[in-house]
>>> print(open('upload_10.csv').read())   # CSV, C-alpha atoms and all ligand atoms
chain,number,residue,atom,x,y,z
Z,45,PRO,CA,-55.7,27.4,4.7
Z,46,SER,CA,-52.8,29.8,4.7
Z,47,SER,CA,-53.6,33.4,5.8
Z,48,THR,CA,-53.6,34.6,2.1
Z,49,GLU,CA,-56.0,31.9,0.9
Z,50,HIS,CA,-59.7,32.6,0.7
Z,51,ARG,CA,-62.2,29.9,1.4
Z,52,ALA,CA,-65.8,30.6,0.3
Z,53,SER,CA,-68.6,30.6,2.8
Z,54,VAL,CA,-71.0,27.7,2.4
Z,55,THR,CA,-74.3,26.5,4.0
Z,56,VAL,CA,-75.3,22.9,4.5
Z,57,LEU,CA,-79.1,22.2,5.0
Z,58,GLY,CA,-79.7,18.7,6.4
Z,59,LEU,CA,-77.4,17.1,9.0
Z,60,GLY,CA,-78.1,13.5,8.7
Z,61,LEU,CA,-75.3,11.0,8.4
Z,62,MET,CA,-74.3,12.4,5.0
Z,63,GLY,CA,-75.0,16.1,5.6
Z,64,THR,CA,-72.9,15.9,8.8
Z,65,ALA,CA,-70.0,14.3,6.9
Z,66,LEU,CA,-70.2,17.0,4.2
Z,67,ALA,CA,-70.2,19.9,6.7
Z,68,ALA,CA,-67.3,18.4,8.6
Z,69,ALA,CA,-65.3,18.1,5.4
Z,70,LEU,CA,-66.0,21.7,4.5
Z,71,LEU,CA,-64.9,22.8,8.0
Z,72,LYS,CA,-61.8,20.8,7.7
Z,73,ALA,CA,-60.9,22.5,4.4
Z,74,GLY,CA,-61.3,25.9,6.1
Z,75,HIS,CA,-64.6,27.0,4.8
Z,76,ASP,CA,-66.9,29.2,6.9
Z,77,THR,CA,-69.7,26.7,7.2
Z,78,THR,CA,-73.2,27.5,8.4
Z,79,VAL,CA,-75.4,24.6,9.2
Z,80,TRP,CA,-79.1,24.0,9.7
Z,81,ASN,CA,-81.1,20.9,10.5
Z,82,ARG,CA,-84.8,20.4,11.1
Z,83,THR,CA,-83.9,18.7,14.4
Z,84,ALA,CA,-81.7,21.4,15.8
Z,85,SER,CA,-79.8,19.2,18.3
Z,86,LYS,CA,-77.8,17.7,15.3
Z,87,THR,CA,-75.9,21.0,14.8
Z,88,GLY,CA,-74.1,20.5,18.2
Z,89,PRO,CA,-71.1,18.3,17.1
Z,90,LEU,CA,-70.5,20.5,14.0
Z,91,ALA,CA,-70.7,23.7,16.1
Z,92,ALA,CA,-68.0,22.1,18.3
Z,93,GLN,CA,-65.9,21.8,15.1
Z,94,GLY,CA,-66.3,25.5,14.2
Z,95,ALA,CA,-69.6,25.5,12.2
Z,96,THR,CA,-72.1,28.3,12.7
Z,97,PRO,CA,-75.5,26.8,13.6
Z,98,ALA,CA,-78.5,28.7,12.3
Z,99,GLU,CA,-81.8,28.8,14.1
Z,100,THR,CA,-83.8,28.9,10.9
Z,101,ALA,CA,-83.3,27.6,7.4
Z,102,ALA,CA,-83.7,31.2,6.0
Z,103,GLU,CA,-80.9,32.4,8.4
Z,104,ALA,CA,-78.6,29.6,7.2
Z,105,ILE,CA,-79.4,30.3,3.5
Z,106,THR,CA,-78.7,34.0,3.7
Z,107,ALA,CA,-75.2,33.3,5.2
Z,108,SER,CA,-73.7,32.0,2.0
Z,109,PRO,CA,-73.9,32.2,-1.8
Z,110,LEU,CA,-73.7,28.4,-2.0
Z,111,VAL,CA,-76.3,26.2,-0.3
Z,112,ILE,CA,-75.8,22.5,-0.2
Z,113,VAL,CA,-78.9,20.4,0.6
Z,114,CYS,CA,-78.9,16.7,1.6
Z,115,LEU,CA,-82.2,15.5,3.0
Z,116,THR,CA,-83.9,12.1,2.8
Z,117,THR,CA,-85.9,12.6,-0.4
Z,118,ASN,CA,-86.4,15.2,-3.1
Z,119,ASP,CA,-90.0,15.7,-1.8
Z,120,ASN,CA,-88.4,16.9,1.4
Z,121,VAL,CA,-86.1,19.1,-0.6
Z,122,ARG,CA,-89.0,20.5,-2.6
Z,123,GLY,CA,-90.9,21.4,0.5
Z,124,LEU,CA,-87.9,23.1,2.1
Z,125,LEU,CA,-86.9,25.0,-1.0
Z,126,GLU,CA,-90.5,26.2,-1.7
Z,127,ALA,CA,-90.8,27.5,1.9
Z,128,GLU,CA,-87.5,29.4,1.5
Z,129,SER,CA,-87.7,30.6,-2.1
Z,130,ASP,CA,-87.3,34.3,-1.2
Z,131,ALA,CA,-84.1,33.7,0.8
Z,132,LEU,CA,-82.7,31.4,-2.0
Z,133,ALA,CA,-83.2,33.9,-4.9
Z,134,GLY,CA,-79.8,34.8,-6.4
Z,135,ARG,CA,-78.0,31.9,-4.7
Z,136,THR,CA,-76.8,28.5,-6.0
Z,137,VAL,CA,-78.4,25.4,-4.6
Z,138,VAL,CA,-76.4,22.1,-4.9
Z,139,ASN,CA,-78.8,19.3,-4.1
Z,140,LEU,CA,-77.1,16.1,-3.1
Z,141,THR,CA,-80.2,14.2,-2.1
Z,142,ASN,CA,-80.9,10.9,-3.9
Z,143,GLY,CA,-83.6,11.2,-6.5
Z,144,THR,CA,-84.8,10.5,-10.1
Z,145,PRO,CA,-83.7,12.4,-13.2
Z,146,ALA,CA,-87.3,13.7,-13.6
Z,147,GLN,CA,-87.3,15.1,-10.0
Z,148,ALA,CA,-84.0,16.8,-10.7
Z,149,ARG,CA,-85.4,18.4,-13.9
Z,150,GLU,CA,-88.5,19.5,-12.0
Z,151,LEU,CA,-86.5,21.1,-9.2
Z,152,ALA,CA,-84.2,22.8,-11.8
Z,153,ASP,CA,-87.3,24.3,-13.6
Z,154,TRP,CA,-88.8,25.4,-10.3
Z,155,ALA,CA,-85.5,27.0,-9.3
Z,156,ALA,CA,-85.1,28.8,-12.6
Z,157,GLU,CA,-88.6,30.3,-12.2
Z,158,HIS,CA,-87.5,31.7,-8.8
Z,159,GLY,CA,-84.2,33.1,-9.8
Z,160,ILE,CA,-82.2,30.3,-8.1
Z,161,THR,CA,-79.3,28.5,-9.7
Z,162,TYR,CA,-79.8,24.8,-9.4
Z,163,ILE,CA,-77.1,22.1,-9.6
Z,164,ASP,CA,-78.0,18.4,-9.0
Z,165,GLY,CA,-75.6,16.0,-7.6
Z,166,GLY,CA,-75.1,12.3,-6.9
Z,167,ILE,CA,-72.8,11.2,-4.1
Z,168,MET,CA,-70.8,8.1,-4.9
Z,169,ALA,CA,-69.6,7.5,-1.4
Z,170,VAL,CA,-70.8,6.6,2.1
Z,171,PRO,CA,-70.3,9.2,4.8
Z,172,GLN,CA,-67.0,7.7,6.0
Z,173,MET,CA,-65.6,8.0,2.5
Z,174,ILE,CA,-66.3,11.8,2.2
Z,175,ALA,CA,-63.1,13.8,1.7
Z,176,THR,CA,-61.1,10.6,0.9
Z,177,PRO,CA,-59.6,9.8,-2.6
Z,178,ALA,CA,-62.1,7.0,-3.1
Z,179,ALA,CA,-65.1,9.3,-3.1
Z,180,TYR,CA,-66.6,11.3,-6.0
Z,181,ILE,CA,-69.7,13.3,-6.6
Z,182,LEU,CA,-71.5,13.6,-10.0
Z,183,TYR,CA,-72.9,17.0,-10.9
Z,184,SER,CA,-75.2,18.3,-13.6
Z,185,GLY,CA,-77.2,21.4,-14.4
Z,186,THR,CA,-78.0,24.1,-16.9
Z,187,ASP,CA,-75.4,26.6,-15.5
Z,188,GLU,CA,-72.0,25.0,-15.9
Z,189,GLU,CA,-70.4,28.4,-15.1
Z,190,ALA,CA,-72.0,28.3,-11.7
Z,191,TYR,CA,-70.6,24.8,-11.2
Z,192,GLU,CA,-67.1,26.0,-12.2
Z,193,THR,CA,-67.4,29.0,-9.8
Z,194,HIS,CA,-68.2,26.7,-6.8
Z,195,ARG,CA,-66.1,23.7,-7.8
Z,196,PRO,CA,-63.2,24.7,-5.5
Z,197,THR,CA,-65.6,24.5,-2.6
Z,198,LEU,CA,-67.3,21.3,-3.8
Z,199,ALA,CA,-63.8,19.7,-4.2
Z,200,ALA,CA,-63.5,19.7,-0.4
Z,201,LEU,CA,-66.2,17.0,-0.3
Z,202,ALA,CA,-64.9,14.6,-2.9
Z,203,ASP,CA,-63.6,14.5,-6.4
Z,204,THR,CA,-65.9,16.3,-8.7
Z,205,LYS,CA,-67.4,14.9,-12.0
Z,206,TRP,CA,-69.5,17.1,-14.3
Z,207,VAL,CA,-71.8,15.0,-16.4
Z,208,GLY,CA,-73.7,17.6,-18.4
Z,209,LYS,CA,-76.2,20.4,-18.8
Z,210,ASP,CA,-79.3,18.1,-18.4
Z,211,PRO,CA,-80.1,18.6,-14.7
Z,212,GLY,CA,-81.3,15.0,-14.7
Z,213,ALA,CA,-77.9,13.6,-15.8
Z,214,ALA,CA,-76.3,13.3,-12.4
Z,215,ALA,CA,-79.3,11.4,-11.0
Z,216,LEU,CA,-79.2,9.1,-14.1
Z,217,TYR,CA,-75.5,8.3,-13.5
Z,218,ASP,CA,-76.1,8.0,-9.8
Z,219,LEU,CA,-79.0,5.5,-10.0
Z,220,SER,CA,-77.2,3.5,-12.7
Z,221,LEU,CA,-74.1,3.1,-10.5
Z,222,LEU,CA,-76.2,2.3,-7.5
Z,223,THR,CA,-78.1,-0.2,-9.5
Z,224,GLY,CA,-74.8,-2.0,-10.1
Z,225,MET,CA,-74.2,-1.9,-6.4
Z,226,TYR,CA,-77.6,-3.2,-5.4
Z,227,GLY,CA,-77.3,-6.0,-7.8
Z,228,MET,CA,-74.0,-6.9,-6.1
Z,229,VAL,CA,-75.7,-6.6,-2.7
Z,230,MET,CA,-78.3,-9.1,-3.7
Z,231,GLY,CA,-75.7,-11.5,-5.0
Z,232,VAL,CA,-73.5,-11.2,-2.0
Z,233,ALA,CA,-76.5,-11.6,0.4
Z,234,GLN,CA,-77.6,-14.8,-1.4
Z,235,ALA,CA,-74.0,-16.1,-1.4
Z,236,TYR,CA,-73.6,-15.6,2.3
Z,237,ALA,CA,-77.0,-17.2,2.9
Z,238,LEU,CA,-76.1,-20.2,0.9
Z,239,ILE,CA,-72.7,-20.8,2.3
Z,240,GLY,CA,-74.1,-20.1,5.8
Z,241,SER,CA,-76.7,-22.8,5.3
Z,242,GLY,CA,-73.8,-25.2,5.0
Z,243,GLY,CA,-72.4,-24.0,8.3
Z,244,VAL,CA,-69.4,-22.1,6.9
Z,245,PRO,CA,-68.6,-19.0,8.9
Z,246,ALA,CA,-69.1,-15.8,6.8
Z,247,ARG,CA,-65.6,-14.5,7.8
Z,248,GLU,CA,-64.0,-17.6,6.4
Z,249,PHE,CA,-65.8,-17.3,3.1
Z,250,ALA,CA,-65.4,-13.5,2.8
Z,251,PRO,CA,-61.9,-13.5,1.1
Z,252,LEU,CA,-63.0,-16.0,-1.5
Z,253,LEU,CA,-66.2,-14.1,-2.3
Z,254,LYS,CA,-64.5,-10.7,-2.5
Z,255,ASP,CA,-61.8,-11.9,-4.9
Z,256,TRP,CA,-64.3,-13.8,-7.0
Z,257,VAL,CA,-66.7,-10.8,-7.3
Z,258,ASN,CA,-63.8,-8.5,-8.1
Z,259,ALA,CA,-62.4,-10.8,-10.8
Z,260,MET,CA,-65.8,-11.2,-12.4
Z,261,THR,CA,-66.4,-7.4,-12.3
Z,262,ASP,CA,-63.0,-6.7,-13.9
Z,263,GLY,CA,-63.9,-8.9,-16.9
Z,264,LEU,CA,-67.7,-8.5,-17.1
Z,265,VAL,CA,-68.1,-4.7,-16.9
Z,266,PRO,CA,-65.8,-3.7,-19.8
Z,267,GLY,CA,-66.7,-6.9,-21.7
Z,268,MET,CA,-70.4,-6.1,-21.7
Z,269,ALA,CA,-69.7,-2.5,-22.7
Z,270,GLU,CA,-67.7,-3.6,-25.7
Z,271,ALA,CA,-70.5,-6.0,-26.8
Z,272,LEU,CA,-73.3,-3.4,-26.2
Z,273,ASP,CA,-71.5,-0.6,-28.1
Z,274,SER,CA,-70.5,-2.9,-31.0
Z,275,GLY,CA,-73.8,-4.9,-31.1
Z,276,GLN,CA,-71.8,-8.1,-31.2
Z,277,HIS,CA,-73.2,-10.4,-28.5
Z,278,LEU,CA,-71.9,-13.7,-29.7
Z,279,THR,CA,-69.6,-15.1,-27.0
Z,280,ASP,CA,-66.7,-17.5,-26.6
Z,281,VAL,CA,-66.9,-17.0,-22.8
Z,282,SER,CA,-70.2,-18.3,-21.5
Z,283,SER,CA,-73.3,-18.7,-23.6
Z,284,LEU,CA,-76.9,-17.9,-22.5
Z,285,ALA,CA,-77.7,-21.5,-23.2
Z,286,VAL,CA,-75.2,-22.8,-20.6
Z,287,ASN,CA,-76.3,-20.2,-18.0
Z,288,GLN,CA,-79.9,-21.0,-18.6
Z,289,ALA,CA,-79.2,-24.7,-18.1
Z,290,ALA,CA,-77.2,-24.1,-14.9
Z,291,LEU,CA,-79.6,-21.7,-13.1
Z,292,PRO,CA,-82.1,-24.3,-12.0
Z,293,ASN,CA,-79.3,-25.9,-9.9
Z,294,PHE,CA,-79.0,-22.6,-8.0
Z,295,LEU,CA,-82.8,-22.3,-7.4
Z,296,THR,CA,-83.0,-26.0,-6.4
Z,297,ALA,CA,-80.1,-25.7,-4.0
Z,298,TYR,CA,-81.5,-22.6,-2.4
Z,299,ALA,CA,-84.8,-24.5,-1.7
Z,300,GLN,CA,-82.9,-27.7,-0.5
Z,301,GLN,CA,-80.8,-25.6,1.9
Z,302,GLY,CA,-83.9,-23.9,3.3
Z,303,LEU,CA,-83.5,-20.6,1.6
Z,304,ARG,CA,-85.8,-18.3,-0.4
Z,305,ASP,CA,-85.1,-18.0,-4.1
Z,306,ASP,CA,-87.1,-14.7,-4.7
Z,307,LEU,CA,-84.0,-12.7,-5.6
Z,308,PHE,CA,-82.9,-15.0,-8.4
Z,309,ARG,CA,-86.1,-16.3,-9.9
Z,310,PRO,CA,-86.3,-13.2,-12.1
Z,311,LEU,CA,-82.8,-14.1,-13.6
Z,312,GLN,CA,-84.2,-17.5,-14.5
Z,313,ASP,CA,-87.2,-15.8,-16.2
Z,314,LEU,CA,-84.8,-13.5,-18.1
Z,315,LEU,CA,-82.5,-16.3,-19.2
Z,316,ASP,CA,-85.6,-18.4,-20.3
Z,317,ARG,CA,-86.8,-15.4,-22.4
Z,318,SER,CA,-83.4,-15.0,-24.0
Z,319,ILE,CA,-83.5,-18.6,-25.2
Z,320,ASP,CA,-87.1,-18.3,-26.4
Z,321,GLU,CA,-86.1,-15.3,-28.4
Z,322,GLY,CA,-83.3,-17.1,-30.1
Z,323,TYR,CA,-80.2,-15.8,-28.3
Z,324,ALA,CA,-78.8,-19.1,-27.0
Z,325,ALA,CA,-75.3,-18.5,-28.4
Z,326,ASP,CA,-75.0,-15.0,-27.2
Z,327,GLY,CA,-73.3,-13.9,-24.0
Z,328,LEU,CA,-74.8,-12.2,-20.9
Z,329,SER,CA,-74.6,-8.8,-22.6
Z,330,ARG,CA,-77.7,-9.8,-24.6
Z,331,LEU,CA,-79.7,-9.7,-21.4
Z,332,VAL,CA,-79.3,-5.9,-21.3
Z,333,THR,CA,-81.2,-5.6,-24.5
Z,334,LEU,CA,-84.0,-7.7,-23.1
Z,335,LEU,CA,-84.6,-5.2,-20.3
Z,336,LYS,CA,-86.2,-2.6,-22.5
Z,337,LYS,CA,-90.0,-2.4,-22.2
Z,338,ASP,CA,-91.8,-3.2,-25.5
B,1,LIG,N1,-75.7,7.6,3.9
B,1,LIG,C1,-75.3,7.1,2.8
B,1,LIG,O1,-74.4,6.3,2.7
B,1,LIG,C2,-75.9,7.6,1.4
B,1,LIG,C3,-74.7,7.8,0.4
B,1,LIG,C4,-75.2,8.3,-0.9
B,1,LIG,C5,-76.1,9.5,-0.7
B,1,LIG,N2,-77.2,9.1,0.2
B,1,LIG,C6,-78.4,10.0,0.2
B,1,LIG,O2,-78.1,11.2,1.0
B,1,LIG,C7,-79.4,11.7,1.5
B,1,LIG,C8,-79.3,11.8,3.0
B,1,LIG,O3,-78.9,10.5,3.5
B,1,LIG,P1,-78.4,10.4,5.1
B,1,LIG,O4,-77.7,9.1,5.2
B,1,LIG,O5,-77.8,11.6,5.5
B,1,LIG,O6,-79.9,10.3,5.8
B,1,LIG,P2,-80.3,10.5,7.3
B,1,LIG,O7,-79.1,10.3,8.2
B,1,LIG,O8,-81.5,9.7,7.5
B,1,LIG,O9,-80.6,12.1,7.3
B,1,LIG,C9,-81.8,12.6,6.6
B,1,LIG,C10,-81.8,14.1,6.8
B,1,LIG,O10,-82.9,14.6,6.1
B,1,LIG,C11,-83.6,15.5,7.0
B,1,LIG,N3,-85.0,15.6,6.7
B,1,LIG,C12,-85.8,14.6,6.3
B,1,LIG,N4,-87.1,15.0,6.0
B,1,LIG,C13,-87.0,16.4,6.1
B,1,LIG,C14,-87.9,17.4,5.9
B,1,LIG,N5,-89.2,17.2,5.5
B,1,LIG,N6,-87.5,18.7,6.1
B,1,LIG,C15,-86.3,19.0,6.5
B,1,LIG,N7,-85.3,18.0,6.8
B,1,LIG,C16,-85.7,16.8,6.6
B,1,LIG,C17,-83.4,14.9,8.4
B,1,LIG,O11,-83.7,15.8,9.4
B,1,LIG,P3,-84.0,15.4,10.9
B,1,LIG,O12,-84.8,14.1,10.8
B,1,LIG,O13,-82.7,15.2,11.5
B,1,LIG,O14,-84.8,16.5,11.5
B,1,LIG,C18,-81.9,14.6,8.3
B,1,LIG,O15,-81.1,15.7,8.5
B,1,LIG,C19,-80.4,10.6,1.1
B,1,LIG,O16,-81.1,11.1,-0.1
B,1,LIG,C20,-79.6,9.4,0.7
B,1,LIG,O17,-80.2,8.5,-0.2
B,1,LIG,C21,-76.7,8.8,1.5
>>> encode(input="upload_10.csv", output="structure tokens")
Amino acid sequence: PSSTEHRASVTVLGLGLMGTALAAALLKAGHDTTVWNRTASKTGPLAAQGATPAETAAEAITASPLVIVCLTTNDNVRGLLEAESDALAGRTVVNLTNGTPAQARELADWAAEHGITYIDGGIMAVPQMIATPAAYILYSGTDEEAYETHRPTLAALADTKWVGKDPGAAALYDLSLLTGMYGMVMGVAQAYALIGSGGVPAREFAPLLKDWVNAMTDGLVPGMAEALDSGQHLTDVSSLAVNQAALPNFLTAYAQQGLRDDLFRPLQDLLDRSIDEGYAADGLSRLVTLLKKD
């Protein structure tokens, strides 16, 4: 930063792969960054980049008005925050740990009872993407003003996206987006297993798979949204009937090629159910409506 620019102080608790990337981005943007990790040795590389390592979590917390937490689970976060509630009072906690909407709301309620401002976040990036244009972080919480106050600091990590005053909203968006990713992971894993069973090197197949998945995503994601929001599921693209008729070919081929079919059997069940319930002429968007519990 220029000598006239002020960069707020910030504390990062939890220096795993992600916490380390977050702290490094803050340092690079010129923030005074205090870091703490349960296993103290992980502060070393960040100290070499200019961070201030704290010996205790309380010492780290009292160094900054903004405390960013990134631990393995929200149970870990709850344990740490409860132990440090006195030091945290009057400060803002931004929790970037993966968790459920209900956990985020519980943490927000607990924080409010202890005079702590709580903002929940969902990181849409891997550590290597932090502070690159491809990364963004979702935020939600009851105190939007606090978010706006700290947004200039948070912007050093990734693009910021506010998703509302329900503290659980960021986790809901985060888990929904990651659900799409894990679905893709399952599909890509099965595709590599199948092509590999025929002796085709993964590297040779990769460009075909990437382009195919991208092309399908480009059409399917907005197309499904249109059908879902309009309630019009009839298709001129690919009916549930034709998909249901084709899926046994996949399951049979997996077995014949010496592969497991566990990942895709649930899709056959869902397609079968869609036909049983009379949706043969509808498109794949209809499956979304069949995922609700009765
Ligand atoms: N890595 C990624 O790509 C994803 C991207 C999206 C967001 N996730 C979530 O971020 C959280 C942290 O993930 P991580 O990759 O940094 O995880 P680790 O490298 O395994 O580091 C975990 C840190 O948590 C500390 N920790 C665990 N339990 C406790 C505890 N009870 N008290 C205090 N700290 C705790 C751990 O400390 P240590 O083992 O080094 O002492 C690490 O600092 C996670 O929610 C992802 O889902 C990452």
>>> closest_residue(input="upload_10.csv", among="Z:Asn120, Z:Leu253, Z:Ala69, Z:Arg82", to="Z:Gly94", atoms="all atoms listed in the file")
Z:Ala69
>>> residues_near_ligand(input="upload_10.csv", ligand="ligand LIG 1 (chain B)", cutoff="8 Å", atoms="all atoms listed in the file", output="count of residues only")
33
>>> closest_residue(input="upload_10.csv", among="Z:Asp262, Z:Asp306, Z:Asp280, Z:Asp338", to="Z:Ala325", atoms="all atoms listed in the file")
Z:Asp280
>>> atom_distance(input="upload_10.csv", atom1="atom CA of Z:Gln147", atom2="atom CA of Z:Val113")
14.5 Å
>>> residues_around(input="upload_10.csv", residues="stretch 263-268 of chain Z", least_positions_apart="5", cutoff="10 Å", atoms="all atoms listed in the file", output="NGL selection string")
:Z and (224 or 258 or 273-274 or 276-277 or 327-332)
>>> build_atoms(input="upload_10.csv", residues="stretch 304-320 of chain Z", atoms="N, CA and C atoms", output="PDB file, in the coordinates of the input")
ATOM      1  N   ARG Z 304     -84.874 -18.900   0.583  1.00  0.00           N
ATOM      2  CA  ARG Z 304     -85.800 -18.300  -0.400  1.00  0.00           C
ATOM      3  C   ARG Z 304     -85.050 -18.134  -1.729  1.00  0.00           C
ATOM      4  N   ASP Z 305     -85.793 -18.169  -2.823  1.00  0.00           N
ATOM      5  CA  ASP Z 305     -85.100 -18.000  -4.100  1.00  0.00           C
ATOM      6  C   ASP Z 305     -85.691 -16.726  -4.853  1.00  0.00           C
ATOM      7  N   ASP Z 306     -86.417 -15.882  -4.099  1.00  0.00           N
ATOM      8  CA  ASP Z 306     -87.100 -14.700  -4.700  1.00  0.00           C
ATOM      9  C   ASP Z 306     -86.128 -13.829  -5.517  1.00  0.00           C
ATOM     10  N   LEU Z 307     -84.909 -13.663  -4.984  1.00  0.00           N
ATOM     11  CA  LEU Z 307     -84.000 -12.700  -5.600  1.00  0.00           C
ATOM     12  C   LEU Z 307     -83.548 -13.192  -6.994  1.00  0.00           C
ATOM     13  N   PHE Z 308     -83.454 -14.513  -7.157  1.00  0.00           N
ATOM     14  CA  PHE Z 308     -82.900 -15.000  -8.400  1.00  0.00           C
ATOM     15  C   PHE Z 308     -83.843 -15.612  -9.398  1.00  0.00           C
ATOM     16  N   ARG Z 309     -85.106 -15.780  -8.971  1.00  0.00           N
ATOM     17  CA  ARG Z 309     -86.100 -16.300  -9.900  1.00  0.00           C
ATOM     18  C   ARG Z 309     -86.225 -15.352 -11.151  1.00  0.00           C
ATOM     19  N   PRO Z 310     -86.179 -14.042 -10.955  1.00  0.00           N
ATOM     20  CA  PRO Z 310     -86.300 -13.200 -12.100  1.00  0.00           C
ATOM     21  C   PRO Z 310     -85.133 -13.386 -13.131  1.00  0.00           C
ATOM     22  N   LEU Z 311     -83.957 -13.806 -12.639  1.00  0.00           N
ATOM     23  CA  LEU Z 311     -82.800 -14.100 -13.600  1.00  0.00           C
ATOM     24  C   LEU Z 311     -83.160 -15.311 -14.401  1.00  0.00           C
ATOM     25  N   GLN Z 312     -83.784 -16.320 -13.766  1.00  0.00           N
ATOM     26  CA  GLN Z 312     -84.200 -17.500 -14.500  1.00  0.00           C
ATOM     27  C   GLN Z 312     -85.183 -17.099 -15.626  1.00  0.00           C
ATOM     28  N   ASP Z 313     -86.145 -16.243 -15.249  1.00  0.00           N
ATOM     29  CA  ASP Z 313     -87.200 -15.800 -16.200  1.00  0.00           C
ATOM     30  C   ASP Z 313     -86.477 -15.087 -17.417  1.00  0.00           C
ATOM     31  N   LEU Z 314     -85.509 -14.252 -17.093  1.00  0.00           N
ATOM     32  CA  LEU Z 314     -84.800 -13.500 -18.100  1.00  0.00           C
ATOM     33  C   LEU Z 314     -84.013 -14.416 -19.050  1.00  0.00           C
ATOM     34  N   LEU Z 315     -83.329 -15.371 -18.438  1.00  0.00           N
ATOM     35  CA  LEU Z 315     -82.500 -16.300 -19.200  1.00  0.00           C
ATOM     36  C   LEU Z 315     -83.473 -17.165 -20.117  1.00  0.00           C
ATOM     37  N   ASP Z 316     -84.604 -17.601 -19.553  1.00  0.00           N
ATOM     38  CA  ASP Z 316     -85.600 -18.400 -20.300  1.00  0.00           C
ATOM     39  C   ASP Z 316     -86.021 -17.566 -21.556  1.00  0.00           C
ATOM     40  N   ARG Z 317     -86.305 -16.299 -21.300  1.00  0.00           N
ATOM     41  CA  ARG Z 317     -86.800 -15.400 -22.400  1.00  0.00           C
ATOM     42  C   ARG Z 317     -85.718 -15.292 -23.469  1.00  0.00           C
ATOM     43  N   SER Z 318     -84.451 -15.182 -23.020  1.00  0.00           N
ATOM     44  CA  SER Z 318     -83.400 -15.000 -24.000  1.00  0.00           C
ATOM     45  C   SER Z 318     -83.280 -16.233 -24.939  1.00  0.00           C
ATOM     46  N   ILE Z 319     -83.538 -17.417 -24.387  1.00  0.00           N
ATOM     47  CA  ILE Z 319     -83.500 -18.600 -25.200  1.00  0.00           C
ATOM     48  C   ILE Z 319     -84.707 -18.651 -26.147  1.00  0.00           C
ATOM     49  N   ASP Z 320     -85.897 -18.344 -25.571  1.00  0.00           N
ATOM     50  CA  ASP Z 320     -87.100 -18.300 -26.400  1.00  0.00           C
ATOM     51  C   ASP Z 320     -86.966 -17.370 -27.574  1.00  0.00           C
TER      52      ASP Z 320
END
